[in-house]
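Quick notes on the structure that follows.
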Amino acid sequence: MLGPAKGLRPADRAALAVLCLLLVISVCGRLYACCLLEPALEPTTIVAANADHFLPRAEGPRRAVPVGACAGPVMIEFVEPISHGRDTLLVAPPDQGDRVFYVYQGWILHDPNGAMKLSALHVLRRAMGLVGLVAASERDKLAMKVIVPAGCSASPNAVVAALPGKARP
Amino acid sequence: MKAQTSSQSGFVAVTGRELASLFAMPAASWAMLVFACGTALSAALQRLLLEHDPGTQRLIELDLGEMFATVAVVALVLFSRKTRSALQPIDLAFLCVCALPWLLPEAHAVYAGMTIVALWLIARRAHDRLLVEVGQVWLALSLCELWSKLAFKLFYPLIAPAEVAFMAWVGRSAIPGLYASGLYLSGRPGWSIVMLEGCSAFHNLSLAALIWLCVLRIAGRRATRGAAAALAASAALVVAINVARILAMLPSQEAYSFWHDGIGSVIVALAAATASVLPIVVVVERAVGSEPCSAPPKA
């Protein structure tokens, strides 16, 4: 059974008031965002190796890019940086002997755990975006999956440096 | 067979006196209730904004854990049969600070605040059983709604292929020639399915654990060996239901549509929910039935 009612302390009253206020603000804010704000646009560009290096996603989900050091073209796919939703590109298996690495927000992830590191970086960016440490538009940037064909020994840095689309405004 | 009065039931019987006493309880209890309900409401609202058409299956799975956790906290706070101490001012301050994520535009982030409060109550109020039990429920809810999902996303490249391999191993007895490669599962040439996050039983397992804990708390029971067996049974059933669902998608496009997007997905969600609830309810009711009759507690 519940104990007898106790006298309300100022701390009790204050906490209850603050919680109710936060709840009202939260509900009103979410309803406002739902009813009055425009939906966010799908990201169209991606920052690659450095701040001056952009590639437009509108040119297609998969691109073949010739790289001087490789006999065949390097395949580039734009992927969600975390494994969710219906974007299966992140996990699509490459052909035997191909090397896969990811480029995301200036990071080049080329070790066997690159996909997991990519997800961790994305979660970190989203968390930083939530508390205002990075711009909200940065949170939804796509990553770039680079598939280097078998037999090409070019390093990830060399491949990224050879990609087109540099110095877009 | 023993006759049972309503007060002997494993679950809390609400009397008029108890209902009347709700309005006389300390404000600190109201603060806990507002925090519990506010977190669930804030997350649910934000989720509905993110997913404009989440589908019936997702709605069942997503809301079930929050519903059970909220009911468990309400039951603990309102109908606890022990004298409890009020929250200290520092606890109340923690509740308020950890409610700030309600203002963030991210459904999962609200559970980060709940995690901190839960750990605080478990670690610093260990002498108060009620606060510890509320903390356990909040921690389980946070694990289910935030941390297990985060862990799955981070370790998806490891977990998902292992799950697909397990499905293929189980399914080969029913579907000869079943072939698994990475995340791809194929029962016949020219048709394969790929396993994404929603196809995994990982979240259903954390949901089953949360429901198990909530039922125990609602019934005011301790975790016994029988309860542990019920949890194991629920986990096995949830995994079996998910494997059966995935294998049922393999024969054709129509089968895939039925079990992935159609009424089949709703049936699976309800079956998984039942598998999570039923074993622990049976164990609790049996334990109550085996107890000697006693006088109902005095109000």
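Every chain in the structure tokens takes a letter, A first, then B, and so on in the order presented; its residues are numbered from 1, and the ligands are numbered from 1 following the presented order.
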Pick out the residues sitting within 12 Å of A:Arg125, and hand them over as a short mmCIF file (atom, residue, chain, number, x, y, z; two decimals) with C-alpha atoms, in the first residue's frame; count only C-alpha atoms, and ignore anything fewer than 6 positions along from it in its own chain.
```cif
data_model
loop_
_atom_site.label_atom_id
_atom_site.label_comp_id
_atom_site.auth_asym_id
_atom_site.auth_seq_id
_atom_site.Cartn_x
_atom_site.Cartn_y
_atom_site.Cartn_z
CA PRO A 81 26.73 5.27 -43.97
CA ILE A 82 24.87 2.91 -41.68
CA TYR A 104 33.09 9.49 -45.55
CA GLN A 105 33.48 13.04 -44.32
CA LEU A 118 31.78 3.82 -41.09
CA SER A 119 28.68 3.09 -38.99
CA VAL A 131 23.80 18.68 -29.75
CA GLY A 132 24.76 21.29 -32.36
CA LEU A 133 28.46 20.46 -32.73
CA VAL A 134 28.04 19.91 -36.48
CA ALA A 135 25.51 21.43 -38.85
CA ALA A 136 22.25 19.54 -39.20
CA SER A 137 22.78 19.22 -42.96
CA GLU A 138 26.04 17.35 -42.33
CA ARG A 139 24.29 14.58 -40.44
CA ASP A 140 22.64 12.99 -43.47
CA LYS A 141 25.59 12.99 -45.86
CA LEU A 142 26.07 9.80 -47.80
#
```
B:Ala248 surroundings by only C-alpha atoms, 10 Å radius, close-in-sequence under 3 positions cut, as number ranges by chain: B: 171, 242-245, 251-252, 255-256, 258-260, 264
Put those residues in a file: N, CA and C atoms, as a PDB file, in the first residue's frame.
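Final file, again.pdb:
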```pdb
ATOM      1  N   GLY B 171      17.071 -24.143 -42.243  1.00  0.00           N
ATOM      2  CA  GLY B 171      16.137 -24.289 -43.352  1.00  0.00           C
ATOM      3  C   GLY B 171      16.456 -25.403 -44.322  1.00  0.00           C
ATOM      4  N   ASN B 242      10.872 -16.061 -36.210  1.00  0.00           N
ATOM      5  CA  ASN B 242      11.533 -15.218 -37.214  1.00  0.00           C
ATOM      6  C   ASN B 242      12.157 -16.060 -38.326  1.00  0.00           C
ATOM      7  N   VAL B 243      12.782 -17.169 -37.942  1.00  0.00           N
ATOM      8  CA  VAL B 243      13.375 -18.048 -38.958  1.00  0.00           C
ATOM      9  C   VAL B 243      12.290 -18.593 -39.876  1.00  0.00           C
ATOM     10  N   ALA B 244      11.175 -19.009 -39.269  1.00  0.00           N
ATOM     11  CA  ALA B 244      10.071 -19.547 -40.093  1.00  0.00           C
ATOM     12  C   ALA B 244       9.544 -18.485 -41.052  1.00  0.00           C
ATOM     13  N   ARG B 245       9.473 -17.256 -40.571  1.00  0.00           N
ATOM     14  CA  ARG B 245       8.984 -16.165 -41.431  1.00  0.00           C
ATOM     15  C   ARG B 245       9.915 -15.937 -42.621  1.00  0.00           C
ATOM     16  N   PRO B 251       9.946 -19.059 -51.244  1.00  0.00           N
ATOM     17  CA  PRO B 251       9.460 -19.740 -52.461  1.00  0.00           C
ATOM     18  C   PRO B 251       9.171 -18.818 -53.639  1.00  0.00           C
ATOM     19  N   SER B 252       8.583 -17.657 -53.420  1.00  0.00           N
ATOM     20  CA  SER B 252       8.141 -16.844 -54.566  1.00  0.00           C
ATOM     21  C   SER B 252       8.001 -15.380 -54.167  1.00  0.00           C
ATOM     22  N   ALA B 255       4.917 -14.999 -51.980  1.00  0.00           N
ATOM     23  CA  ALA B 255       5.157 -15.394 -50.592  1.00  0.00           C
ATOM     24  C   ALA B 255       5.934 -14.306 -49.857  1.00  0.00           C
ATOM     25  N   TYR B 256       6.894 -13.739 -50.555  1.00  0.00           N
ATOM     26  CA  TYR B 256       7.677 -12.659 -49.944  1.00  0.00           C
ATOM     27  C   TYR B 256       6.773 -11.477 -49.588  1.00  0.00           C
ATOM     28  N   PHE B 258       3.577 -11.421 -49.029  1.00  0.00           N
ATOM     29  CA  PHE B 258       2.643 -11.759 -47.960  1.00  0.00           C
ATOM     30  C   PHE B 258       3.311 -11.681 -46.590  1.00  0.00           C
ATOM     31  N   TRP B 259       4.512 -12.263 -46.474  1.00  0.00           N
ATOM     32  CA  TRP B 259       5.154 -12.354 -45.156  1.00  0.00           C
ATOM     33  C   TRP B 259       5.956 -11.108 -44.811  1.00  0.00           C
ATOM     34  N   HIS B 260       6.303 -10.330 -45.834  1.00  0.00           N
ATOM     35  CA  HIS B 260       7.113  -9.142 -45.551  1.00  0.00           C
ATOM     36  C   HIS B 260       6.246  -7.896 -45.379  1.00  0.00           C
ATOM     37  N   GLY B 264       0.705 -11.401 -43.384  1.00  0.00           N
ATOM     38  CA  GLY B 264       1.641 -12.339 -42.758  1.00  0.00           C
ATOM     39  C   GLY B 264       2.570 -11.647 -41.775  1.00  0.00           C
TER      40      GLY B 264
END
```
Separation of atom CA of B:Phe155 from atom CA of A:Leu121 in Å: 12.9 Å
